[in-house]
Amino acid sequence: PRITFIEFDGRRVEVVAKVGTSLMEAAIDNGIDGIVAECGGCCSCGTCHVYVAPEWIDRTGLADPMESDMLCIVDDLRPNSRLACQISLCGELDGLVVSLPEFQL
Ligand code: FES
C-alpha cells in the first residue's frame, strides 16, 4: 500500500510499504524522521505516535486497550492518535494518510 506521512512542518512523504509490515516499519524503512520506535514495535515506548487522518479511522480502527494505556504517556493525545507499530498494513489501507506530532516523547 501507498502511505503518506505528513511531517510536523507540513512536508508530505509518500512511501510504498509491504503488506504485512507495520506502519512503524514502513516509516523506519523509509527514513521518516518523525518516528523513533525505541522499543522496536512491542507497544512499550510510545515513540511511534501518529495521527490517523479522520477519513481513515474507520479502516485503521481505534487503539485497543493495551495501546490506549501506552498512548496515555504521549504528549498531545488526540482522538485519532495511534501507535504506528500497532497498525498492520494491508491492501485496504492503500492511500492511508497519517500526520506526525512535533515531538515523540
Ligand atoms: Fe514502541 Fe510503537 S515502536 S510503542
# chains A, B, ... in the order shown; residues from 1 in each chain; ligands from 1

call {"tool": "select_by_dssp", "arguments": {"residues": "range 14-73 of chain A", "states": "strand (DSSP E)", "output": "PyMOL selection string"}}
result
chain A and resi 14-16+49-52

call {"tool": "write_last_selection", "arguments": {"atoms": "C-alpha atoms", "output": "compact mmCIF listing (two decimals), in the first residue's frame"}}
result
# COMPACT_ATOMS: atom_id res chain seq x y z
CA GLU A 14 4.75 9.17 0.22
CA VAL A 15 6.15 5.67 0.60
CA VAL A 16 5.20 2.26 -0.70
CA HIS A 49 2.81 8.12 17.80
CA VAL A 50 0.86 9.23 14.72
CA TYR A 51 -2.45 10.93 14.00
CA VAL A 52 -4.54 8.98 11.52

call {"tool": "residues_near_ligand", "arguments": {"ligand": "ligand 1", "cutoff": "10 Å", "atoms": "only C-alpha atoms and all ligand atoms", "output": "ChimeraX atom specification"}}
result
/A:22-25,28,35-50,67,70-71,82-87

call {"tool": "closest_residue", "arguments": {"among": "A:Leu100, A:Gly10, A:Glu92, A:Asn80", "to": "Glu55 in chain A", "atoms": "only C-alpha atoms"}}
result
A:Asn80

call {"tool": "residues_around", "arguments": {"residues": "Arg59 in chain A", "least_positions_apart": "3", "cutoff": "12 Å", "atoms": "only C-alpha atoms", "output": "PyMOL selection string"}}
result
chain A and resi 52-56+62+87-97

call {"tool": "decode", "arguments": {"residues": "range 48-77 of chain A", "atoms": "N, CA, C and O atoms", "output": "PDB file, in the first residue's frame"}}
result
ATOM      1  N   CYS A  48       6.224   6.026  18.546  1.00  0.00           N
ATOM      2  CA  CYS A  48       5.799   5.866  17.147  1.00  0.00           C
ATOM      3  C   CYS A  48       4.397   6.447  16.980  1.00  0.00           C
ATOM      4  O   CYS A  48       3.613   5.998  16.165  1.00  0.00           O
ATOM      5  N   HIS A  49       4.137   7.491  17.766  1.00  0.00           N
ATOM      6  CA  HIS A  49       2.813   8.124  17.799  1.00  0.00           C
ATOM      7  C   HIS A  49       2.501   8.811  16.465  1.00  0.00           C
ATOM      8  O   HIS A  49       3.341   9.547  15.930  1.00  0.00           O
ATOM      9  N   VAL A  50       1.328   8.562  15.940  1.00  0.00           N
ATOM     10  CA  VAL A  50       0.859   9.234  14.719  1.00  0.00           C
ATOM     11  C   VAL A  50      -0.601   9.642  14.914  1.00  0.00           C
ATOM     12  O   VAL A  50      -1.299   9.119  15.784  1.00  0.00           O
ATOM     13  N   TYR A  51      -1.035  10.568  14.071  1.00  0.00           N
ATOM     14  CA  TYR A  51      -2.448  10.929  13.996  1.00  0.00           C
ATOM     15  C   TYR A  51      -2.977  10.407  12.663  1.00  0.00           C
ATOM     16  O   TYR A  51      -2.494  10.806  11.592  1.00  0.00           O
ATOM     17  N   VAL A  52      -3.944   9.518  12.741  1.00  0.00           N
ATOM     18  CA  VAL A  52      -4.541   8.981  11.517  1.00  0.00           C
ATOM     19  C   VAL A  52      -5.515  10.019  10.964  1.00  0.00           C
ATOM     20  O   VAL A  52      -6.331  10.575  11.720  1.00  0.00           O
ATOM     21  N   ALA A  53      -5.414  10.294   9.666  1.00  0.00           N
ATOM     22  CA  ALA A  53      -6.358  11.239   9.060  1.00  0.00           C
ATOM     23  C   ALA A  53      -7.784  10.765   9.341  1.00  0.00           C
ATOM     24  O   ALA A  53      -8.063   9.564   9.229  1.00  0.00           O
ATOM     25  N   PRO A  54      -8.660  11.670   9.746  1.00  0.00           N
ATOM     26  CA  PRO A  54     -10.004  11.276  10.189  1.00  0.00           C
ATOM     27  C   PRO A  54     -10.744  10.359   9.209  1.00  0.00           C
ATOM     28  O   PRO A  54     -11.432   9.436   9.628  1.00  0.00           O
ATOM     29  N   GLU A  55     -10.558  10.587   7.926  1.00  0.00           N
ATOM     30  CA  GLU A  55     -11.268   9.772   6.941  1.00  0.00           C
ATOM     31  C   GLU A  55     -10.754   8.327   6.871  1.00  0.00           C
ATOM     32  O   GLU A  55     -11.358   7.484   6.213  1.00  0.00           O
ATOM     33  N   TRP A  56      -9.640   8.055   7.561  1.00  0.00           N
ATOM     34  CA  TRP A  56      -9.074   6.698   7.553  1.00  0.00           C
ATOM     35  C   TRP A  56      -9.307   5.924   8.839  1.00  0.00           C
ATOM     36  O   TRP A  56      -8.988   4.738   8.921  1.00  0.00           O
ATOM     37  N   ILE A  57      -9.844   6.588   9.831  1.00  0.00           N
ATOM     38  CA  ILE A  57     -10.028   5.926  11.133  1.00  0.00           C
ATOM     39  C   ILE A  57     -10.918   4.686  11.029  1.00  0.00           C
ATOM     40  O   ILE A  57     -10.667   3.669  11.685  1.00  0.00           O
ATOM     41  N   ASP A  58     -11.929   4.744  10.188  1.00  0.00           N
ATOM     42  CA  ASP A  58     -12.807   3.571  10.047  1.00  0.00           C
ATOM     43  C   ASP A  58     -12.028   2.346   9.595  1.00  0.00           C
ATOM     44  O   ASP A  58     -12.346   1.230   9.975  1.00  0.00           O
ATOM     45  N   ARG A  59     -11.012   2.561   8.760  1.00  0.00           N
ATOM     46  CA  ARG A  59     -10.248   1.427   8.233  1.00  0.00           C
ATOM     47  C   ARG A  59      -9.084   1.013   9.123  1.00  0.00           C
ATOM     48  O   ARG A  59      -8.767  -0.174   9.205  1.00  0.00           O
ATOM     49  N   THR A  60      -8.448   1.966   9.801  1.00  0.00           N
ATOM     50  CA  THR A  60      -7.354   1.560  10.707  1.00  0.00           C
ATOM     51  C   THR A  60      -7.924   1.060  12.032  1.00  0.00           C
ATOM     52  O   THR A  60      -7.306   0.242  12.702  1.00  0.00           O
ATOM     53  N   GLY A  61      -9.079   1.571  12.397  1.00  0.00           N
ATOM     54  CA  GLY A  61      -9.638   1.275  13.704  1.00  0.00           C
ATOM     55  C   GLY A  61      -8.983   2.154  14.770  1.00  0.00           C
ATOM     56  O   GLY A  61      -8.014   2.877  14.495  1.00  0.00           O
ATOM     57  N   LEU A  62      -9.553   2.094  15.958  1.00  0.00           N
ATOM     58  CA  LEU A  62      -9.011   2.857  17.083  1.00  0.00           C
ATOM     59  C   LEU A  62      -8.063   1.969  17.886  1.00  0.00           C
ATOM     60  O   LEU A  62      -7.991   0.754  17.669  1.00  0.00           O
ATOM     61  N   ALA A  63      -7.364   2.585  18.807  1.00  0.00           N
ATOM     62  CA  ALA A  63      -6.416   1.840  19.641  1.00  0.00           C
ATOM     63  C   ALA A  63      -7.147   0.839  20.532  1.00  0.00           C
ATOM     64  O   ALA A  63      -8.210   1.143  21.079  1.00  0.00           O
ATOM     65  N   ASP A  64      -6.571  -0.355  20.688  1.00  0.00           N
ATOM     66  CA  ASP A  64      -7.150  -1.331  21.624  1.00  0.00           C
ATOM     67  C   ASP A  64      -6.714  -0.943  23.052  1.00  0.00           C
ATOM     68  O   ASP A  64      -5.926  -0.007  23.233  1.00  0.00           O
ATOM     69  N   PRO A  65      -7.219  -1.613  24.079  1.00  0.00           N
ATOM     70  CA  PRO A  65      -6.920  -1.198  25.454  1.00  0.00           C
ATOM     71  C   PRO A  65      -5.432  -1.144  25.786  1.00  0.00           C
ATOM     72  O   PRO A  65      -4.968  -0.205  26.452  1.00  0.00           O
ATOM     73  N   MET A  66      -4.639  -2.107  25.331  1.00  0.00           N
ATOM     74  CA  MET A  66      -3.206  -2.096  25.633  1.00  0.00           C
ATOM     75  C   MET A  66      -2.535  -0.876  24.982  1.00  0.00           C
ATOM     76  O   MET A  66      -1.727  -0.182  25.594  1.00  0.00           O
ATOM     77  N   GLU A  67      -2.895  -0.609  23.733  1.00  0.00           N
ATOM     78  CA  GLU A  67      -2.323   0.545  23.022  1.00  0.00           C
ATOM     79  C   GLU A  67      -2.790   1.846  23.692  1.00  0.00           C
ATOM     80  O   GLU A  67      -2.002   2.788  23.831  1.00  0.00           O
ATOM     81  N   SER A  68      -4.038   1.893  24.091  1.00  0.00           N
ATOM     82  CA  SER A  68      -4.560   3.100  24.751  1.00  0.00           C
ATOM     83  C   SER A  68      -3.800   3.389  26.037  1.00  0.00           C
ATOM     84  O   SER A  68      -3.509   4.546  26.350  1.00  0.00           O
ATOM     85  N   ASP A  69      -3.464   2.347  26.791  1.00  0.00           N
ATOM     86  CA  ASP A  69      -2.684   2.541  28.011  1.00  0.00           C
ATOM     87  C   ASP A  69      -1.345   3.181  27.695  1.00  0.00           C
ATOM     88  O   ASP A  69      -0.880   4.071  28.396  1.00  0.00           O
ATOM     89  N   MET A  70      -0.719   2.715  26.626  1.00  0.00           N
ATOM     90  CA  MET A  70       0.590   3.265  26.235  1.00  0.00           C
ATOM     91  C   MET A  70       0.442   4.695  25.737  1.00  0.00           C
ATOM     92  O   MET A  70       1.273   5.561  26.021  1.00  0.00           O
ATOM     93  N   LEU A  71      -0.640   4.959  25.020  1.00  0.00           N
ATOM     94  CA  LEU A  71      -0.840   6.306  24.470  1.00  0.00           C
ATOM     95  C   LEU A  71      -1.043   7.355  25.559  1.00  0.00           C
ATOM     96  O   LEU A  71      -0.820   8.544  25.323  1.00  0.00           O
ATOM     97  N   CYS A  72      -1.432   6.910  26.745  1.00  0.00           N
ATOM     98  CA  CYS A  72      -1.654   7.866  27.840  1.00  0.00           C
ATOM     99  C   CYS A  72      -0.397   8.654  28.173  1.00  0.00           C
ATOM    100  O   CYS A  72      -0.476   9.719  28.779  1.00  0.00           O
ATOM    101  N   ILE A  73       0.770   8.138  27.818  1.00  0.00           N
ATOM    102  CA  ILE A  73       2.006   8.836  28.205  1.00  0.00           C
ATOM    103  C   ILE A  73       2.487   9.810  27.125  1.00  0.00           C
ATOM    104  O   ILE A  73       3.439  10.544  27.363  1.00  0.00           O
ATOM    105  N   VAL A  74       1.866   9.824  25.956  1.00  0.00           N
ATOM    106  CA  VAL A  74       2.372  10.707  24.898  1.00  0.00           C
ATOM    107  C   VAL A  74       1.843  12.120  25.092  1.00  0.00           C
ATOM    108  O   VAL A  74       0.797  12.332  25.714  1.00  0.00           O
ATOM    109  N   ASP A  75       2.581  13.080  24.549  1.00  0.00           N
ATOM    110  CA  ASP A  75       2.119  14.463  24.565  1.00  0.00           C
ATOM    111  C   ASP A  75       1.089  14.645  23.456  1.00  0.00           C
ATOM    112  O   ASP A  75       1.136  13.979  22.426  1.00  0.00           O
ATOM    113  N   ASP A  76       0.174  15.567  23.672  1.00  0.00           N
ATOM    114  CA  ASP A  76      -0.789  15.968  22.652  1.00  0.00           C
ATOM    115  C   ASP A  76      -1.596  14.794  22.090  1.00  0.00           C
ATOM    116  O   ASP A  76      -1.688  14.585  20.887  1.00  0.00           O
ATOM    117  N   LEU A  77      -2.146  14.033  23.022  1.00  0.00           N
ATOM    118  CA  LEU A  77      -3.013  12.913  22.637  1.00  0.00           C
ATOM    119  C   LEU A  77      -4.303  13.443  22.022  1.00  0.00           C
ATOM    120  O   LEU A  77      -4.892  14.395  22.516  1.00  0.00           O
TER     121      LEU A  77
END
